[in-house]
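Colleague: So I've got this file, structure-v9.cif, and it contains mmCIF, C-alpha atoms:
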data_query
loop_
_atom_site.label_atom_id
_atom_site.label_comp_id
_atom_site.auth_asym_id
_atom_site.auth_seq_id
_atom_site.Cartn_x
_atom_site.Cartn_y
_atom_site.Cartn_z
CA MET A 268 69.66 86.81 163.21
CA ALA A 269 73.11 87.12 164.75
CA ALA A 270 72.82 83.57 166.12
CA SER A 271 72.03 82.27 162.62
CA ARG A 272 75.04 84.06 161.17
CA ASN A 273 77.28 82.66 163.90
CA ALA A 274 75.96 79.14 163.29
CA ALA A 275 76.56 79.49 159.54
CA THR A 276 80.09 80.80 160.18
CA ARG A 277 80.87 77.88 162.49
CA TRP A 278 79.46 75.41 159.97
CA MET A 279 81.57 76.87 157.14
CA ALA A 280 84.69 76.74 159.32
CA TRP A 281 83.93 73.09 160.17
CA TYR A 282 83.30 72.26 156.50
CA GLN A 283 86.50 73.96 155.33
CA ARG A 284 88.50 72.13 158.00
CA ASN A 285 87.09 68.78 156.85
CA LEU A 286 87.80 69.64 153.21
CA LYS A 287 91.45 70.21 154.09
CA GLU A 288 91.86 67.28 156.48
CA ARG A 289 89.56 64.71 154.81
CA PRO A 290 89.06 65.89 151.22
CA PHE A 291 87.95 62.56 149.76
CA ARG A 292 85.35 61.64 152.39
CA THR A 293 84.02 65.20 152.64
CA ASN A 294 83.58 65.59 148.88
CA VAL A 295 81.97 62.16 148.55
CA ALA A 296 79.52 62.91 151.37
CA SER A 297 78.74 66.37 149.96
CA GLY A 298 78.27 65.05 146.44
CA ALA A 299 76.00 62.24 147.64
CA LEU A 300 73.83 64.70 149.57
CA VAL A 301 73.59 67.05 146.59
CA MET A 302 72.68 64.13 144.32
CA LEU A 303 69.98 63.00 146.75
CA LEU A 304 68.41 66.47 146.74
CA GLY A 305 68.67 66.71 142.96
CA ASP A 306 67.18 63.28 142.30
CA THR A 307 64.32 64.05 144.69
CA CYS A 308 63.56 67.20 142.68
CA ALA A 309 63.83 65.23 139.43
CA GLN A 310 61.36 62.59 140.63
CA HIS A 311 58.83 65.24 141.61
CA ILE A 312 59.20 66.93 138.21
CA GLU A 313 58.75 63.60 136.44
CA LEU A 314 55.66 62.79 138.53
CA ARG A 315 54.13 66.14 137.60
CA GLU A 316 54.87 65.50 133.92
CA LYS A 317 53.35 61.99 134.08
CA ARG A 318 50.18 63.36 135.64
CA ARG A 319 49.99 66.13 133.07
CA ARG A 320 50.35 63.62 130.20
CA TYR A 321 47.78 61.36 131.88
CA ARG A 322 45.22 64.18 132.02
CA ARG A 323 45.90 65.08 128.40
CA ARG A 324 45.60 61.48 127.20
CA SER A 325 42.53 60.75 129.30
CA GLU A 326 40.65 63.25 127.16
CA ASP A 327 41.06 60.87 124.19
CA ASP A 328 41.36 57.47 125.89
CA THR A 329 39.05 55.62 128.27
CA THR A 330 38.48 56.93 131.78
CA ARG A 331 41.32 54.76 133.10
CA GLY A 332 43.77 55.84 130.40
CA ALA A 333 45.70 53.73 127.92
CA ASP A 334 47.99 52.30 130.57
CA GLY A 335 45.16 51.21 132.89
CA LYS A 336 46.26 53.49 135.71
CA GLN A 337 44.38 56.02 137.71
CA GLU A 338 46.18 59.31 138.26
CA ALA A 339 46.57 58.46 141.96
CA ASP A 340 48.35 55.20 141.03
CA PHE A 341 51.55 57.03 140.08
CA SER A 342 54.19 56.56 142.77
CA SER A 343 55.30 59.85 144.31
CA TYR A 344 58.83 58.77 145.25
CA ASP A 345 61.10 55.83 144.45
CA PRO A 346 63.73 55.44 147.19
CA SER A 347 65.51 52.63 145.33
CA ARG A 348 66.15 54.92 142.37
CA ALA A 349 67.44 57.61 144.74
CA ALA A 350 69.73 55.05 146.36
CA VAL A 351 71.19 54.07 142.97
CA MET A 352 71.81 57.71 142.03
CA VAL A 353 73.37 58.54 145.40
CA SER A 354 75.59 55.47 145.23
CA TRP A 355 76.74 56.48 141.73
CA SER A 356 77.71 59.90 143.05
CA ALA A 357 79.65 58.30 145.90
CA VAL A 358 81.46 55.54 143.98
CA GLY A 359 81.69 57.10 140.51
CA ASP A 360 81.00 60.76 139.87
CA VAL A 361 82.83 62.46 142.75
CA PRO A 362 85.90 60.14 142.69
CA ILE A 363 86.21 60.68 138.91
CA ASN A 364 86.10 64.45 139.43
CA LEU A 365 88.72 64.34 142.19
CA ALA A 366 91.02 62.13 140.12
CA LEU A 367 90.70 64.35 137.04
CA PHE A 368 91.32 67.56 139.00
CA SER A 369 94.48 66.08 140.48
CA LEU A 370 95.66 64.61 137.17
CA ILE A 371 95.12 67.81 135.17
CA ASN A 372 96.80 70.03 137.75
CA ARG A 373 99.85 67.74 137.75
CA ALA A 374 99.88 67.49 133.94
CA MET A 375 99.66 71.28 133.49
CA LYS A 376 102.31 72.18 136.06
CA PRO A 377 105.33 71.43 133.79
CA PHE A 378 103.88 73.91 131.26
CA GLY A 379 103.76 76.67 133.85
CA ILE A 380 99.95 76.54 134.29
CA PRO A 381 99.13 76.85 138.01
CA ALA A 382 96.12 75.47 139.89
CA VAL A 383 94.67 79.01 139.94
CA ALA A 384 95.06 79.94 136.28
CA SER A 385 94.23 82.78 133.90
CA PHE A 386 91.09 82.58 131.79
CA PRO A 387 92.80 81.26 128.61
CA GLN A 388 94.68 78.70 130.68
CA SER A 389 91.43 77.75 132.44
CA LEU A 390 89.75 77.28 129.05
CA LEU A 391 92.50 74.80 128.09
CA LYS A 392 92.13 73.00 131.42
CA GLY A 393 88.34 72.97 131.06
CA PHE A 394 88.60 71.32 127.64
CA CYS A 395 91.15 68.79 128.89
CA PHE A 396 88.91 68.02 131.88
CA PHE A 397 85.85 67.49 129.69
CA VAL A 398 87.26 65.11 127.07
CA PRO A 399 88.53 62.28 129.31
CA GLY A 400 85.77 63.02 131.82
CA VAL A 401 82.90 62.47 129.41
CA ILE A 402 84.57 59.51 127.71
CA ILE A 403 85.04 57.79 131.06
CA ARG A 404 82.04 59.10 132.98
CA MET A 405 79.06 58.61 130.67
CA PRO A 406 79.63 54.95 129.66
CA CYS A 407 80.31 54.19 133.33
CA PHE A 408 77.17 56.04 134.38
CA ILE A 409 74.92 54.26 131.87
CA SER A 410 76.41 50.86 132.74
CA TYR A 411 76.24 51.40 136.49
CA VAL A 412 72.72 52.82 136.68
CA THR A 413 71.25 50.35 134.17
CA SER A 414 72.73 47.31 135.93
CA CYS A 415 71.83 48.53 139.44
CA GLU A 416 68.24 49.38 138.50
CA HIS A 417 67.91 45.99 136.79
CA MET A 418 69.10 44.19 139.93
CA VAL A 419 66.86 46.29 142.19
CA ARG A 420 63.84 45.53 139.99
CA ASN A 421 64.62 41.81 140.12
CA ALA A 422 64.95 41.93 143.91
CA LYS A 423 61.64 43.75 144.28
CA GLU A 424 59.87 41.14 142.15
CA GLY A 425 61.40 38.21 144.03
CA ARG A 426 63.78 37.07 141.29
CA PRO A 427 67.54 36.49 141.53
CA VAL A 428 69.36 39.77 140.98
CA THR A 429 71.16 38.30 137.96
CA HIS A 430 67.92 37.22 136.26
CA ASP A 431 67.75 38.23 132.56
CA TRP A 432 71.35 39.47 132.69
CA VAL A 433 71.69 39.14 128.92
CA GLU A 434 68.66 41.37 128.44
CA MET A 435 70.19 43.95 130.79
CA VAL A 436 73.44 43.97 128.81
CA GLY A 437 71.44 44.46 125.62
CA THR A 438 69.53 47.36 127.18
CA MET A 439 72.79 48.91 128.29
CA GLY A 440 74.26 48.65 124.81
CA GLN A 441 71.11 50.08 123.22
CA LYS A 442 71.14 53.07 125.58
CA MET A 443 74.76 53.79 124.71
CA HIS A 444 74.04 53.45 120.99
CA ASP A 445 71.02 55.77 121.18
CA ASN A 446 72.28 58.40 123.61
CA LEU A 447 76.08 58.67 123.79
CA LEU A 448 76.64 60.91 120.74
CA THR A 449 73.84 63.26 121.79
CA ILE A 450 75.20 63.34 125.33
CA PHE A 451 78.71 64.11 124.08
CA ASP A 452 77.42 66.96 121.88
CA ARG A 453 75.20 68.58 124.52
CA GLY A 454 77.69 67.86 127.26
CA ALA A 455 80.40 69.79 125.42
CA LYS A 456 78.12 72.83 125.19
CA LEU A 457 77.51 72.74 128.93
CA TRP A 458 80.63 71.32 130.53
CA ILE A 459 83.44 73.10 128.69
CA PRO A 460 82.15 76.55 129.81
CA VAL A 461 81.35 75.22 133.32
CA ASN A 462 84.77 73.59 133.68
CA THR A 463 86.49 76.75 132.44
CA LEU A 464 84.68 78.94 134.97
CA CYS A 465 85.34 76.38 137.69
CA PHE A 466 89.11 76.39 137.06
CA TRP A 467 89.16 80.17 136.68
CA ALA A 468 86.89 81.47 139.45
CA VAL A 469 86.25 78.72 142.04
CA PRO A 470 88.74 78.05 144.87
CA VAL A 471 90.48 74.69 144.55
CA LEU A 472 88.82 73.21 147.66
CA TYR A 473 85.30 73.86 146.35
CA ARG A 474 85.70 72.73 142.73
CA PRO A 475 84.48 69.12 143.16
CA LEU A 476 81.43 70.28 145.14
CA THR A 477 80.67 72.98 142.55
CA LEU A 478 80.73 70.40 139.77
CA SER A 479 78.48 68.13 141.83
CA PHE A 480 75.82 70.86 141.94
CA VAL A 481 75.99 71.31 138.16
CA THR A 482 76.03 67.54 137.68
CA VAL A 483 72.70 67.29 139.49
CA GLY A 484 71.12 69.65 136.96
CA TRP A 485 72.70 67.74 134.07
CA MET A 486 71.58 64.36 135.39
CA THR A 487 68.11 65.76 136.04
CA TYR A 488 67.89 66.86 132.41
CA LEU A 489 69.03 63.46 131.14
CA SER A 490 66.60 61.69 133.45
CA LEU A 491 63.66 63.84 132.38
CA MET A 492 64.48 63.35 128.70
CA GLN A 493 64.93 59.58 129.05
CA HIS A 494 61.80 59.05 131.14
CA GLN A 495 59.72 61.11 128.74
CA GLU A 496 60.85 58.94 125.83
CA GLU A 497 60.15 55.74 127.81
CA GLU A 498 56.70 56.99 128.79
CA GLU A 499 55.83 57.85 125.19
CA ASP A 500 57.09 54.47 123.93
CA LYS A 501 55.03 52.68 126.60
CA HIS A 502 51.92 54.65 125.69
CA GLU A 503 52.31 53.82 122.00
CA SER A 504 52.91 50.15 122.84
CA ASP A 505 49.76 50.03 124.99
CA LYS A 506 47.69 51.63 122.24
CA GLU A 507 48.97 49.05 119.73
CA LYS A 508 48.06 46.22 122.10
CA GLN A 509 44.56 47.61 122.58
CA ALA A 510 44.09 47.95 118.85
CA THR A 511 45.24 44.34 118.35
CA LEU A 512 42.82 43.06 120.99
CA GLN A 513 39.95 44.98 119.39
CA LEU A 514 40.70 43.31 116.05
#
Just dump the structure as structure tokens.

Modeller:
Amino acid sequence: MAASRNAATRWMAWYQRNLKERPFRTNVASGALVMLLGDTCAQHIELREKRRRYRRRSEDDTTRGADGKQEADFSSYDPSRAAVMVSWSAVGDVPINLALFSLINRAMKPFGIPAVASFPQSLLKGFCFFVPGVIIRMPCFISYVTSCEHMVRNAKEGRPVTHDWVEMVGTMGQKMHDNLLTIFDRGAKLWIPVNTLCFWAVPVLYRPLTLSFVTVGWMTYLSLMQHQEEEEDKHESDKEKQATLQL
């Protein structure tokens, strides 16, 4: 027990030293690891939901289901999707957080608001962090993930990565049209309180990592919601095709 505590103490001292000496690389590596763990959890949740919907639909459809799959056909883990999410954390999410933290602290300093602020001051900083963050982050996230997944799918199927690029741009625009306003609304309800507490209660060194943990939960929610809608649309499309063939 004592050895475990000593190992944990040494690890924390090493981590704090790297945060101070190499803040960018340490936060990027930490955020990427957290995103990997979160996306792995999300994929397992989605697999469980797909199997549950399959069992429910198989009661009404044929023994192979409307999509022609057996329950065992569902892939348990998609490493390419995990790679896209981890790369987004490394090149997009964490750098955006670091830049916004630095920008807001510098912008607030002339008004006498320190890095470690009171609760009302932290509320103001949390709101200021959210507005440019969501305006910049979410369109970048949708564009990045949609384009990367499109290229990965093309590569897996032996096509040039730029194949059907116009279709990908259309999909990207449709996702933004369908989801951005809802994301902004629900994001405000989550992120303004989280940002406020982060500025008020979390030490400066650990703020980007703290937001990365919350971001995993937020991205997991968005992924689950989006995949559920796609699965339902696919099921309805398959049923329509079967009905057409029967006619």

Colleague: Fewer than 3 positions away in the same chain doesn't count, so skip those; otherwise give me all residues within 12 Å of segment 354-358 of chain A, counting all atoms listed in the file, as a VMD selection string.

Modeller: chain A and resid 291 to 306 347 to 351 361 to 365 404 to 405 407 to 416 475 to 476 478 to 480 482 to 483 486

Colleague: So the first atom is atom CA of Met375 of chain A and the second is atom CA of Gly400 of chain A; what is the distance between them in Å, to one decimal place?

Modeller: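 Atom-to-atom, atom CA of Met375 of chain A to atom CA of Gly400 of chain A, that is 16.2 Å.
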
Colleague: May I ask for the distance between atom CA of Asn273 of chain A and atom CA of Glu288 of chain A, given in Å to one decimal place?

Modeller: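 Separating atom CA of Asn273 of chain A from atom CA of Glu288 of chain A is a distance of 22.5 Å.
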
Colleague: Have a look at A:Trp467, A:Tyr344, A:Trp281, A:Tyr473 and name the one nearest to Thr307 of chain A; count only C-alpha atoms.

Modeller: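 The answer is A:Tyr344, which sits nearest to Thr307 of chain A.
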
Colleague: Selection in question (the file shown): the PyMOL selection byres ((chain A and resi 466) around 7). Which residues does it include, as a list in words?

Modeller: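 Checked against the file, the PyMOL selection byres ((chain A and resi 466) around 7) matches Val383, Ala384, Ser389, Gly393, Asn462, Thr463, Leu464, Cys465, Trp467, Ala468 and Val469 of chain A.
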
Colleague: Quick check, in Å to one decimal: how far apart do atom CA of Ile402 of chain A and atom CA of Val481 of chain A lie?

Modeller: 17.9 Å

Colleague: Rank A:Lys317, A:Lys442, A:Arg426, A:Lys392 by their smallest atom-to-atom distance to Val461 of chain A, using only C-alpha atoms, and report the top residue only.

Modeller: A:Lys392
